[in-house]
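Source file: data_20.tsv (TSV, C-alpha atoms and all ligand atoms)
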```
chain	number	residue	atom	x	y	z
A	3	MET	CA	-14.28	-3.37	15.66
A	4	ALA	CA	-15.15	-5.97	13.11
A	5	GLU	CA	-13.92	-8.04	10.29
A	6	VAL	CA	-14.95	-7.18	6.77
A	7	SER	CA	-15.56	-9.88	4.24
A	8	VAL	CA	-15.93	-9.32	0.51
A	9	ARG	CA	-17.33	-12.34	-1.38
A	10	GLY	CA	-17.28	-12.63	-5.17
A	11	VAL	CA	-17.89	-8.94	-5.72
A	12	THR	CA	-18.27	-7.71	-9.30
A	13	MET	CA	-18.94	-4.05	-10.02
A	14	ARG	CA	-19.71	-2.92	-13.54
A	15	PHE	CA	-19.73	0.55	-15.05
A	16	GLY	CA	-21.33	-0.11	-18.41
A	17	GLU	CA	-18.99	-2.47	-20.25
A	18	LEU	CA	-16.20	-2.05	-17.76
A	19	LYS	CA	-15.74	-4.42	-14.84
A	20	ALA	CA	-14.18	-2.13	-12.24
A	21	LEU	CA	-14.23	-5.11	-9.85
A	22	ASP	CA	-14.18	-8.64	-11.18
A	23	ASP	CA	-15.13	-11.40	-8.77
A	24	VAL	CA	-13.14	-10.07	-5.82
A	25	THR	CA	-13.04	-12.18	-2.67
A	26	LEU	CA	-11.07	-10.79	0.26
A	27	ASP	CA	-11.14	-10.96	4.04
A	28	PHE	CA	-10.06	-8.10	6.24
A	29	VAL	CA	-9.37	-9.42	9.71
A	30	ASP	CA	-10.70	-7.78	12.85
A	31	GLY	CA	-8.23	-5.16	14.03
A	32	GLY	CA	-5.91	-5.71	11.07
A	33	PHE	CA	-4.23	-3.13	8.90
A	34	PHE	CA	-4.75	-4.05	5.28
A	35	ALA	CA	-3.09	-2.18	2.42
A	36	LEU	CA	-4.78	-2.34	-0.94
A	37	LEU	CA	-2.29	-1.80	-3.74
A	38	GLY	CA	-2.64	-1.47	-7.45
A	39	PRO	CA	-2.03	0.87	-10.33
A	40	SER	CA	-4.35	3.74	-11.11
A	41	GLY	CA	-7.70	2.49	-12.38
A	42	SER	CA	-7.33	-1.00	-10.90
A	43	GLY	CA	-10.46	-0.70	-8.77
A	44	LYS	CA	-9.12	0.28	-5.34
A	45	THR	CA	-11.45	3.22	-4.76
A	46	THR	CA	-14.37	1.27	-6.18
A	47	LEU	CA	-13.78	-1.50	-3.64
A	48	LEU	CA	-13.78	1.01	-0.76
A	49	ARG	CA	-16.95	2.61	-2.10
A	50	VAL	CA	-18.63	-0.79	-2.25
A	51	ILE	CA	-17.60	-1.56	1.34
A	52	ALA	CA	-18.77	1.88	2.51
A	53	GLY	CA	-22.12	1.45	0.76
A	54	PHE	CA	-21.86	4.22	-1.85
A	55	LEU	CA	-21.96	1.62	-4.60
A	56	PHE	CA	-23.98	-1.57	-4.86
A	57	PRO	CA	-22.17	-4.49	-6.46
A	58	ASP	CA	-23.71	-6.26	-9.44
A	59	GLU	CA	-22.70	-9.59	-7.95
A	60	GLY	CA	-21.41	-10.83	-4.63
A	61	GLU	CA	-21.79	-9.46	-1.13
A	62	VAL	CA	-20.09	-7.57	1.65
A	63	ARG	CA	-20.30	-8.63	5.27
A	64	ILE	CA	-19.28	-6.56	8.25
A	65	ALA	CA	-18.90	-8.41	11.54
A	66	GLY	CA	-20.50	-11.41	9.89
A	67	GLN	CA	-23.64	-9.52	8.81
A	68	PRO	CA	-24.55	-8.92	5.16
A	69	VAL	CA	-24.81	-5.15	4.70
A	70	GLU	CA	-26.71	-5.02	1.42
A	71	ARG	CA	-29.63	-3.24	3.06
A	72	VAL	CA	-27.57	-1.19	5.49
A	73	PRO	CA	-27.18	2.43	4.32
A	74	VAL	CA	-23.83	4.24	4.44
A	75	GLU	CA	-24.53	6.11	7.69
A	76	LYS	CA	-25.50	2.91	9.51
A	77	ARG	CA	-22.45	0.87	8.51
A	78	GLU	CA	-20.31	2.40	11.27
A	79	ILE	CA	-17.44	3.15	8.97
A	80	GLY	CA	-14.94	5.98	9.32
A	81	MET	CA	-13.58	7.36	6.10
A	82	MET	CA	-10.79	9.57	4.99
A	83	PHE	CA	-10.46	10.05	1.29
A	84	GLN	CA	-7.80	11.60	-0.87
A	85	ASN	CA	-9.60	14.89	-1.28
A	86	TYR	CA	-10.93	15.12	2.25
A	87	ALA	CA	-12.36	18.55	2.91
A	88	LEU	CA	-12.56	20.22	6.30
A	89	PHE	CA	-15.25	22.82	6.85
A	90	PRO	CA	-13.26	26.07	6.57
A	91	ASN	CA	-15.62	28.08	8.78
A	92	LEU	CA	-15.72	25.59	11.61
A	93	THR	CA	-13.02	25.27	14.26
A	94	VAL	CA	-10.91	22.15	14.56
A	95	ALA	CA	-13.07	20.92	17.46
A	96	GLU	CA	-16.28	21.58	15.50
A	97	ASN	CA	-14.89	19.80	12.45
A	98	VAL	CA	-13.95	16.79	14.52
A	99	GLY	CA	-17.23	16.79	16.43
A	100	PHE	CA	-19.39	17.07	13.33
A	101	GLY	CA	-20.17	13.38	13.07
A	102	LEU	CA	-21.24	13.32	16.71
A	103	ARG	CA	-23.49	16.33	16.28
A	104	VAL	CA	-25.38	14.81	13.36
A	105	ARG	CA	-25.87	11.76	15.59
A	106	HIS	CA	-27.31	14.03	18.30
A	107	VAL	CA	-24.68	13.13	20.85
A	108	ASP	CA	-25.03	15.56	23.78
A	109	ARG	CA	-22.62	18.48	24.07
A	110	ALA	CA	-20.74	17.32	27.16
A	111	GLU	CA	-20.13	13.92	25.60
A	112	GLU	CA	-19.09	15.58	22.35
A	113	ARG	CA	-16.54	17.75	24.18
A	114	ARG	CA	-15.14	14.76	26.01
A	115	ARG	CA	-14.86	12.60	22.92
A	116	VAL	CA	-13.40	15.39	20.74
A	117	GLY	CA	-10.82	16.11	23.46
A	118	GLU	CA	-9.94	12.43	23.54
A	119	VAL	CA	-9.34	12.04	19.80
A	120	LEU	CA	-7.52	15.37	19.50
A	121	GLU	CA	-5.15	14.05	22.12
A	122	LEU	CA	-4.83	10.78	20.23
A	123	VAL	CA	-3.77	12.59	17.04
A	124	GLN	CA	-1.60	14.97	19.08
A	125	LEU	CA	-3.56	18.12	18.37
A	126	GLU	CA	-4.55	18.87	21.95
A	127	GLY	CA	-4.81	22.62	22.49
A	128	LEU	CA	-5.56	23.38	18.84
A	129	GLY	CA	-9.32	22.83	19.02
A	130	ARG	CA	-10.17	26.51	18.59
A	131	ARG	CA	-8.14	27.05	15.45
A	132	ARG	CA	-9.61	27.15	11.95
A	133	PRO	CA	-8.30	24.78	9.25
A	134	LYS	CA	-6.46	27.61	7.47
A	135	GLU	CA	-4.40	28.19	10.62
A	136	LEU	CA	-2.99	24.65	10.45
A	137	SER	CA	-0.15	23.03	8.53
A	138	GLY	CA	-0.88	20.36	5.93
A	139	GLY	CA	0.08	17.59	8.34
A	140	GLN	CA	-2.11	19.03	11.10
A	141	ARG	CA	-5.09	19.25	8.75
A	142	GLN	CA	-4.55	15.62	7.91
A	143	ARG	CA	-4.71	14.76	11.60
A	144	VAL	CA	-7.96	16.67	11.94
A	145	ALA	CA	-9.43	14.64	9.08
A	146	LEU	CA	-8.27	11.44	10.75
A	147	ALA	CA	-9.70	12.53	14.12
A	148	ARG	CA	-13.00	13.30	12.39
A	149	ALA	CA	-13.01	9.83	10.82
A	150	ILE	CA	-12.54	7.99	14.11
A	151	VAL	CA	-14.45	10.20	16.56
A	152	THR	CA	-17.64	8.14	16.26
A	153	ASN	CA	-15.83	4.92	17.19
A	154	PRO	CA	-16.47	3.26	13.85
A	155	LYS	CA	-15.96	-0.46	13.37
A	156	VAL	CA	-13.95	-0.02	10.22
A	157	LEU	CA	-11.66	2.69	8.92
A	158	LEU	CA	-11.35	3.23	5.16
A	159	LEU	CA	-8.45	5.37	4.00
A	160	ASP	CA	-8.13	6.20	0.31
A	161	GLU	CA	-4.61	7.41	-0.45
A	162	PRO	CA	-4.83	9.78	2.51
A	163	LEU	CA	-1.17	10.72	2.48
A	164	SER	CA	-0.54	11.11	-1.23
A	165	ALA	CA	-0.77	14.92	-1.15
A	166	LEU	CA	1.94	15.27	1.51
A	167	ASP	CA	5.61	15.75	0.75
A	168	LYS	CA	7.93	12.83	1.42
A	169	ALA	CA	9.17	13.76	4.92
A	170	LEU	CA	5.72	14.61	6.21
A	171	ARG	CA	4.29	11.47	4.66
A	172	VAL	CA	6.77	9.27	6.48
A	173	ASP	CA	5.95	11.01	9.78
A	174	MET	CA	2.25	10.53	9.17
A	175	GLN	CA	2.73	6.86	8.30
A	176	ILE	CA	4.32	6.26	11.69
A	177	GLU	CA	1.56	8.25	13.39
A	178	LEU	CA	-1.16	6.41	11.54
A	179	LYS	CA	0.28	3.05	12.52
A	180	ARG	CA	0.50	4.11	16.17
A	181	ILE	CA	-3.07	5.39	16.20
A	182	GLN	CA	-4.39	2.31	14.45
A	183	ARG	CA	-2.65	0.09	17.04
A	184	GLU	CA	-3.94	2.16	19.92
A	185	VAL	CA	-7.54	2.15	18.69
A	186	GLY	CA	-7.31	-1.39	17.28
A	187	ILE	CA	-9.67	-0.54	14.44
A	188	THR	CA	-9.95	-2.71	11.32
A	189	THR	CA	-8.28	-0.54	8.69
A	190	ILE	CA	-8.26	-0.74	4.91
A	191	PHE	CA	-5.73	1.58	3.40
A	192	VAL	CA	-5.49	2.29	-0.30
A	193	THR	CA	-2.16	3.31	-1.72
A	194	HIS	CA	-0.24	3.04	-4.95
A	195	ASP	CA	2.97	3.39	-2.97
A	196	GLN	CA	4.40	-0.06	-2.23
A	197	GLU	CA	6.84	1.24	0.35
A	198	GLU	CA	3.95	2.77	2.26
A	199	ALA	CA	2.09	-0.53	2.11
A	200	LEU	CA	5.09	-2.43	3.45
A	201	THR	CA	5.61	0.08	6.26
A	202	LEU	CA	2.06	0.06	7.49
A	203	ALA	CA	0.24	-3.13	6.76
A	204	ASP	CA	0.08	-6.57	8.29
A	205	ARG	CA	-1.63	-7.81	5.14
A	206	ILE	CA	-1.64	-6.51	1.62
A	207	GLY	CA	-3.62	-7.19	-1.52
A	208	ILE	CA	-2.74	-6.32	-5.09
A	209	LEU	CA	-5.44	-5.39	-7.59
A	210	ARG	CA	-5.04	-5.32	-11.34
A	211	ASP	CA	-7.86	-4.44	-13.76
A	212	GLY	CA	-10.45	-5.12	-11.07
A	213	ARG	CA	-9.06	-8.55	-10.20
A	214	LEU	CA	-7.30	-9.55	-7.04
A	215	VAL	CA	-3.87	-10.78	-8.08
A	216	GLN	CA	-2.63	-11.83	-4.65
A	217	ALA	CA	-3.25	-11.20	-0.96
A	218	GLY	CA	-1.24	-12.11	2.10
A	219	PRO	CA	1.30	-10.86	4.61
A	220	PRO	CA	3.77	-8.43	2.98
A	221	ARG	CA	6.75	-10.82	3.45
A	222	GLU	CA	4.89	-13.64	1.80
A	223	VAL	CA	3.82	-11.60	-1.22
A	224	TYR	CA	7.30	-10.15	-1.49
A	225	ASN	CA	9.06	-13.50	-1.24
A	226	ALA	CA	6.57	-15.54	-3.24
A	227	PRO	CA	4.78	-13.38	-5.80
A	228	VAL	CA	2.23	-15.37	-7.80
A	229	ASP	CA	3.14	-13.72	-11.08
A	230	SER	CA	5.54	-11.24	-12.59
A	231	PHE	CA	3.03	-8.41	-12.11
A	232	ALA	CA	2.95	-9.01	-8.36
A	233	ALA	CA	6.73	-9.40	-8.31
A	234	ARG	CA	7.19	-6.04	-10.00
A	235	PHE	CA	4.43	-4.27	-8.21
A	236	LEU	CA	5.63	-5.03	-4.73
A	237	GLY	CA	9.25	-4.10	-4.79
A	238	GLU	CA	11.43	-4.16	-7.83
A	239	ALA	CA	12.27	-7.37	-9.58
A	240	ASN	CA	14.60	-8.43	-12.32
A	241	LEU	CA	12.91	-11.09	-14.38
A	242	LEU	CA	14.24	-14.14	-16.16
A	243	PRO	CA	11.94	-15.91	-18.59
A	244	SER	CA	11.65	-19.68	-18.54
A	245	PRO	CA	12.94	-21.39	-20.56
A	246	LEU	CA	15.78	-18.97	-21.18
A	247	PRO	CA	16.22	-18.04	-24.84
A	248	ASP	CA	19.39	-19.46	-26.43
A	249	THR	CA	20.68	-15.94	-26.99
A	250	PHE	CA	20.40	-15.09	-23.32
A	251	ALA	CA	23.43	-13.35	-21.77
A	252	GLU	CA	26.35	-15.22	-23.23
A	253	GLY	CA	28.60	-16.60	-20.53
A	254	ALA	CA	25.83	-16.70	-17.89
A	255	ARG	CA	26.12	-19.43	-15.24
A	256	LEU	CA	22.67	-20.25	-14.00
A	257	ALA	CA	21.26	-23.08	-11.93
A	258	LEU	CA	17.52	-22.43	-11.82
A	259	PRO	CA	14.81	-24.59	-10.25
A	260	GLU	CA	12.58	-26.47	-12.68
A	261	GLY	CA	8.92	-25.92	-13.31
A	262	ALA	CA	8.46	-22.16	-13.07
A	263	ALA	CA	7.03	-19.82	-15.70
A	264	ALA	CA	9.63	-17.21	-14.86
A	265	TYR	CA	12.10	-16.23	-12.18
A	266	ALA	CA	12.62	-13.01	-10.31
A	267	VAL	CA	15.69	-11.72	-8.54
A	268	ARG	CA	15.40	-8.71	-6.23
A	269	PRO	CA	17.88	-5.86	-6.82
A	270	GLU	CA	19.15	-6.10	-3.23
A	271	ALA	CA	19.95	-9.82	-3.62
A	272	LEU	CA	22.51	-9.08	-6.33
A	273	THR	CA	26.23	-8.58	-5.88
A	274	LEU	CA	28.12	-6.53	-8.42
A	275	THR	CA	31.77	-7.40	-9.08
A	276	PRO	CA	34.32	-6.49	-11.76
A	277	THR	CA	35.49	-10.12	-12.04
A	278	PRO	CA	33.61	-13.43	-12.33
A	279	PRO	CA	32.37	-14.64	-8.92
A	280	GLU	CA	33.03	-18.05	-7.29
A	281	ASP	CA	31.25	-20.80	-9.19
A	282	ASP	CA	28.71	-21.80	-6.53
A	283	VAL	CA	26.43	-18.87	-7.30
A	284	ASN	CA	24.32	-17.78	-10.25
A	285	ALA	CA	26.23	-15.31	-12.39
A	286	LEU	CA	25.43	-13.03	-15.30
A	287	PRO	CA	27.95	-10.94	-17.19
A	288	GLY	CA	26.96	-7.44	-18.22
A	289	ARG	CA	27.95	-3.84	-18.64
A	290	LEU	CA	27.44	-1.13	-16.05
A	291	VAL	CA	25.17	1.49	-17.58
A	292	GLN	CA	24.56	3.72	-14.62
A	293	ARG	CA	25.49	4.04	-10.97
A	294	VAL	CA	23.54	6.48	-8.82
A	295	PHE	CA	24.83	7.07	-5.32
A	296	ALA	CA	22.09	7.57	-2.72
A	297	GLY	CA	23.60	7.84	0.75
A	298	SER	CA	23.74	4.39	2.28
A	299	MET	CA	23.59	2.61	-1.07
A	300	ALA	CA	24.05	2.90	-4.79
A	301	THR	CA	21.53	1.97	-7.43
A	302	CYS	CA	23.11	0.46	-10.52
A	303	VAL	CA	21.70	-0.37	-13.90
A	304	VAL	CA	23.43	-3.20	-15.74
A	305	ASP	CA	22.93	-4.05	-19.41
A	306	ILE	CA	22.79	-7.85	-19.68
A	307	GLY	CA	22.66	-7.88	-23.46
A	308	GLY	CA	19.77	-8.48	-25.82
A	309	GLY	CA	18.25	-5.15	-24.78
A	310	GLY	CA	17.67	-6.23	-21.19
A	311	THR	CA	18.77	-4.25	-18.15
A	312	TRP	CA	18.87	-5.33	-14.54
A	313	LYS	CA	18.74	-3.18	-11.48
A	314	VAL	CA	21.14	-3.72	-8.60
A	315	ILE	CA	21.08	-2.20	-5.15
A	316	ASP	CA	24.63	-2.08	-3.92
A	317	ARG	CA	25.00	-1.55	-0.18
A	318	ASP	CA	28.73	-1.95	-0.04
A	319	PRO	CA	30.15	1.55	0.40
A	320	ASP	CA	33.72	0.27	0.06
A	321	LEU	CA	33.19	-1.15	-3.38
A	322	PRO	CA	35.67	0.36	-5.82
A	323	GLN	CA	33.93	2.90	-8.03
A	324	LEU	CA	33.45	1.07	-11.29
A	325	PRO	CA	33.19	3.48	-14.17
A	326	GLU	CA	30.02	3.50	-16.23
A	327	GLY	CA	30.58	1.27	-19.25
A	328	ALA	CA	32.75	-1.18	-17.29
A	329	ALA	CA	32.32	-4.93	-17.78
A	330	VAL	CA	30.78	-6.38	-14.59
A	331	TRP	CA	29.30	-9.56	-13.15
A	332	LEU	CA	26.03	-9.91	-11.34
A	333	SER	CA	25.77	-12.82	-8.94
A	334	TRP	CA	23.26	-14.16	-6.43
A	335	ASP	CA	22.71	-17.14	-4.20
A	336	ALA	CA	20.45	-19.93	-5.41
A	337	GLU	CA	18.04	-19.27	-2.54
A	338	ASP	CA	17.47	-15.72	-3.83
A	339	THR	CA	15.98	-16.95	-7.10
A	340	ILE	CA	12.21	-16.49	-6.81
A	341	PRO	CA	10.26	-18.94	-8.98
A	342	ILE	CA	7.07	-17.37	-10.33
A	343	GLY	CA	3.97	-19.27	-11.34
A	344	ALA	CA	3.92	-22.73	-12.87
A	345	ALA	CA	5.42	-23.34	-16.28
A	401	LIG	N1	-18.64	6.16	-11.43
A	401	LIG	C1	-17.94	5.60	-12.41
A	401	LIG	N2	-18.44	5.50	-13.65
A	401	LIG	C2	-17.74	4.90	-14.65
A	401	LIG	N3	-16.52	4.38	-14.50
A	401	LIG	C3	-15.96	4.44	-13.28
A	401	LIG	C4	-16.64	5.06	-12.18
A	401	LIG	N4	-15.83	4.97	-11.09
A	401	LIG	C5	-14.71	4.34	-11.50
A	401	LIG	N5	-14.78	4.02	-12.81
A	401	LIG	C6	-13.76	3.28	-13.57
A	401	LIG	O1	-13.50	2.07	-12.88
A	401	LIG	C7	-12.12	1.75	-12.91
A	401	LIG	C8	-11.60	1.63	-11.50
A	401	LIG	O2	-11.61	2.93	-10.90
A	401	LIG	P1	-11.08	3.20	-9.43
A	401	LIG	O3	-11.72	2.24	-8.51
A	401	LIG	O4	-11.31	4.64	-9.15
A	401	LIG	O5	-9.53	2.89	-9.57
A	401	LIG	P2	-8.32	3.21	-8.57
A	401	LIG	O6	-8.88	3.78	-7.32
A	401	LIG	O7	-7.62	1.91	-8.39
A	401	LIG	O8	-7.45	4.19	-9.30
A	401	LIG	C9	-11.46	2.84	-13.72
A	401	LIG	O9	-11.33	2.38	-15.04
A	401	LIG	C10	-12.43	4.00	-13.63
A	401	LIG	O10	-12.33	4.82	-14.76
A	402	MG	MG	-8.56	5.63	-6.41
```

Using structure tokens, write down the structure from this file.
Amino acid sequence: MAEVSVRGVTMRFGELKALDDVTLDFVDGGFFALLGPSGSGKTTLLRVIAGFLFPDEGEVRIAGQPVERVPVEKREIGMMFQNYALFPNLTVAENVGFGLRVRHVDRAEERRRVGEVLELVQLEGLGRRRPKELSGGQRQRVALARAIVTNPKVLLLDEPLSALDKALRVDMQIELKRIQREVGITTIFVTHDQEEALTLADRIGILRDGRLVQAGPPREVYNAPVDSFAARFLGEANLLPSPLPDTFAEGARLALPEGAAAYAVRPEALTLTPTPPEDDVNALPGRLVQRVFAGSMATCVVDIGGGGTWKVIDRDPDLPQLPEGAAVWLSWDAEDTIPIGAA
């Protein structure tokens, strides 16, 4: 196990800066989720850490040691990428043991170690099967077992679950978290799925156009996003500009803190009512555009005038069914206003 430290890393592809002065620490034994839209540099950062790419500027340290001259196979990194491929002609046990065989680990030790990781990923007894005799989720576990069989210091996972359907993905998230805890390996997990990041990680980082926008514990980033991009990327956010334009939602009652560039309000912090709320809360009048029932909650879209719409998560199942088109009020407590950036 080891910490990974990325210092001022810039990676260019011709004119493009795929990574732009990225500095990030991945703590020993931590589970870090790297988030960002497609093309933001997530895969590039993993490839730099793994040693497939050499940064134009900056350095990577693993366990305190600069790794500039350490080749991929010596960095003691386990990897599982989006398009991981198992060897179709090898059995599960042979697939998992492959990394040990190329390291000339003796057969008895290989058998022992493969048995151990197959048990860890709950595939004991399936060692003799071929990949085509496995389900998608089982194949995923084989790939994970193969990535950790050599006891790497660091585990790099590049959108490993994105090909799975929703139910299976949630199962695998729970599994992955359990296995990571059990092994205690420093893990860097790339995803574009914010829910996945929140489920799994103890720290997250958001990349945009090769730059690190923000990093920290999920709660902190969620509750105190540094800008409106971070606010929208991690969770949904309704945004209020600052200062508010004069034409903004006529009849609104707002008491907003001074000195922010904008404000965000999370959909779940909002209460939807047909009549104006008590006057000790922030309140915006609007028109209900859409209400979509989804089991334990309803997702509502409210037109607040001037072309703006806000999203509301309504968890009150007893709320009278307001018809679409109805005049409504949105309200929220002062403490649920999230100031963003400095004005
Ligand atoms: N080998 C490469 N050559 C040229 N451009 C690349 C190469 N790899 C990645 N890029 C570009 O770098 C940017 C970041 O890519 P990537 O790290 O794959 O993003 P992400 O994984 O966040 O989707 C993209 O604009 C991509 O097109
Ligand atoms: Mg990628």

- With distances taken over all atoms listed in the file, which of A:Met13, A:Leu36, A:Val172, A:Val283 is nearest to Asp204 of chain A?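 Closest residue, counting all atoms listed in the file: A:Leu36.
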
- Considering all atoms listed in the file, state which residue in the set A:Ser7, A:Thr193, A:Gln140, A:Thr45 is at the smallest distance from ligand LIG 401 (chain A). A:Thr45

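Those residues that approach Asn91 of chain A to within 10 Å, counting only C-alpha atoms, are Asn97, Arg132, Pro133 and Lys134 of chain A; same-chain residues fewer than 6 positions away are not listed.
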
What does the list of residues within 10 Å of ligand MG 402 (chain A) look like if you count only C-alpha atoms and all ligand atoms, written as a compact mmCIF listing (two decimals) with C-alpha atoms, keeping the file's coordinate frame?
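Wrote out-v1.txt, looks like this:
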```
# COMPACT_ATOMS: atom_id res chain seq x y z
CA GLY A 38 -2.64 -1.47 -7.45
CA PRO A 39 -2.03 0.87 -10.33
CA SER A 40 -4.35 3.74 -11.11
CA GLY A 41 -7.70 2.49 -12.38
CA SER A 42 -7.33 -1.00 -10.90
CA GLY A 43 -10.46 -0.70 -8.77
CA LYS A 44 -9.12 0.28 -5.34
CA THR A 45 -11.45 3.22 -4.76
CA THR A 46 -14.37 1.27 -6.18
CA LEU A 47 -13.78 -1.50 -3.64
CA LEU A 48 -13.78 1.01 -0.76
CA ARG A 49 -16.95 2.61 -2.10
CA PHE A 83 -10.46 10.05 1.29
CA GLN A 84 -7.80 11.60 -0.87
CA ASP A 160 -8.13 6.20 0.31
CA GLU A 161 -4.61 7.41 -0.45
CA VAL A 192 -5.49 2.29 -0.30
CA THR A 193 -2.16 3.31 -1.72
CA HIS A 194 -0.24 3.04 -4.95
```

- Query: What is the atom CA of Gln175 of chain A-atom CA of Gly127 of chain A distance in Å, reported with one decimal?
  - Reply: 22.5 Å

- Excluding Glu337 of chain A and any residue of its chain fewer than 2 positions from it, enumerate the residues within 10 Å of it, using all atoms listed in the file, and give them as a PyMOL selection string. chain A and resi 258-259+267+271+283+334-335+339-340

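Taking atom CA of Ala145 of chain A and atom CA of Val74 of chain A as the two end points, the separation is 18.4 Å.
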
- Closest to ligand LIG 401 (chain A) among A:Gln292, A:Asn240, A:Thr12, A:Thr93, using only C-alpha atoms and all ligand atoms?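 Residue with the minimum atom-to-atom distance to ligand LIG 401 (chain A): A:Thr12.
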
- Non-local contacts of Thr275 of chain A (9 Å; all atoms listed in the file; under 2 positions in same chain excluded) as a list in words: Thr273, Thr277, Pro278, Pro279, Leu321, Leu324, Val330, Trp331, Leu332 and Ser333 of chain A

- Item | Point (27.2, -17.3, -18.0) neighbourhood (8 Å, all atoms listed in the file) written as a ChimeraX atom specification | /A:251-256,285-287

Missing atoms in segment 205-217 of chain A need filling: write out N, CA, C and O atoms for it as a PDB file, keeping the file's coordinate frame.
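The result, written out as selection-v2.pdb:
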```pdb
ATOM      1  N   ARG A 205      -1.269  -7.048   6.340  1.00  0.00           N
ATOM      2  CA  ARG A 205      -1.630  -7.810   5.140  1.00  0.00           C
ATOM      3  C   ARG A 205      -1.766  -6.847   3.973  1.00  0.00           C
ATOM      4  O   ARG A 205      -2.152  -5.698   4.153  1.00  0.00           O
ATOM      5  N   ILE A 206      -1.452  -7.346   2.799  1.00  0.00           N
ATOM      6  CA  ILE A 206      -1.640  -6.510   1.620  1.00  0.00           C
ATOM      7  C   ILE A 206      -2.371  -7.306   0.549  1.00  0.00           C
ATOM      8  O   ILE A 206      -2.381  -8.530   0.551  1.00  0.00           O
ATOM      9  N   GLY A 207      -2.988  -6.574  -0.363  1.00  0.00           N
ATOM     10  CA  GLY A 207      -3.620  -7.190  -1.520  1.00  0.00           C
ATOM     11  C   GLY A 207      -3.288  -6.356  -2.739  1.00  0.00           C
ATOM     12  O   GLY A 207      -3.198  -5.134  -2.649  1.00  0.00           O
ATOM     13  N   ILE A 208      -3.072  -7.033  -3.856  1.00  0.00           N
ATOM     14  CA  ILE A 208      -2.740  -6.320  -5.090  1.00  0.00           C
ATOM     15  C   ILE A 208      -3.877  -6.492  -6.095  1.00  0.00           C
ATOM     16  O   ILE A 208      -4.277  -7.616  -6.399  1.00  0.00           O
ATOM     17  N   LEU A 209      -4.395  -5.375  -6.575  1.00  0.00           N
ATOM     18  CA  LEU A 209      -5.440  -5.390  -7.590  1.00  0.00           C
ATOM     19  C   LEU A 209      -4.858  -5.033  -8.951  1.00  0.00           C
ATOM     20  O   LEU A 209      -3.945  -4.211  -9.046  1.00  0.00           O
ATOM     21  N   ARG A 210      -5.400  -5.669  -9.971  1.00  0.00           N
ATOM     22  CA  ARG A 210      -5.040  -5.320 -11.340  1.00  0.00           C
ATOM     23  C   ARG A 210      -6.282  -5.479 -12.201  1.00  0.00           C
ATOM     24  O   ARG A 210      -6.879  -6.562 -12.215  1.00  0.00           O
ATOM     25  N   ASP A 211      -6.666  -4.415 -12.898  1.00  0.00           N
ATOM     26  CA  ASP A 211      -7.860  -4.440 -13.760  1.00  0.00           C
ATOM     27  C   ASP A 211      -9.062  -5.056 -13.036  1.00  0.00           C
ATOM     28  O   ASP A 211      -9.764  -5.879 -13.606  1.00  0.00           O
ATOM     29  N   GLY A 212      -9.274  -4.671 -11.802  1.00  0.00           N
ATOM     30  CA  GLY A 212     -10.450  -5.120 -11.070  1.00  0.00           C
ATOM     31  C   GLY A 212     -10.360  -6.523 -10.490  1.00  0.00           C
ATOM     32  O   GLY A 212     -11.279  -6.988  -9.828  1.00  0.00           O
ATOM     33  N   ARG A 213      -9.226  -7.196 -10.737  1.00  0.00           N
ATOM     34  CA  ARG A 213      -9.060  -8.550 -10.200  1.00  0.00           C
ATOM     35  C   ARG A 213      -8.040  -8.549  -9.088  1.00  0.00           C
ATOM     36  O   ARG A 213      -7.043  -7.838  -9.159  1.00  0.00           O
ATOM     37  N   LEU A 214      -8.278  -9.389  -8.101  1.00  0.00           N
ATOM     38  CA  LEU A 214      -7.300  -9.550  -7.040  1.00  0.00           C
ATOM     39  C   LEU A 214      -6.206 -10.496  -7.525  1.00  0.00           C
ATOM     40  O   LEU A 214      -6.462 -11.646  -7.858  1.00  0.00           O
ATOM     41  N   VAL A 215      -4.994  -9.973  -7.590  1.00  0.00           N
ATOM     42  CA  VAL A 215      -3.870 -10.780  -8.080  1.00  0.00           C
ATOM     43  C   VAL A 215      -3.341 -11.676  -6.968  1.00  0.00           C
ATOM     44  O   VAL A 215      -3.068 -12.852  -7.155  1.00  0.00           O
ATOM     45  N   GLN A 216      -3.204 -11.083  -5.775  1.00  0.00           N
ATOM     46  CA  GLN A 216      -2.630 -11.830  -4.650  1.00  0.00           C
ATOM     47  C   GLN A 216      -2.923 -11.075  -3.355  1.00  0.00           C
ATOM     48  O   GLN A 216      -2.980  -9.849  -3.345  1.00  0.00           O
ATOM     49  N   ALA A 217      -3.098 -11.817  -2.277  1.00  0.00           N
ATOM     50  CA  ALA A 217      -3.250 -11.200  -0.960  1.00  0.00           C
ATOM     51  C   ALA A 217      -2.501 -12.034   0.054  1.00  0.00           C
ATOM     52  O   ALA A 217      -2.414 -13.251  -0.084  1.00  0.00           O
TER      53      ALA A 217
END
```
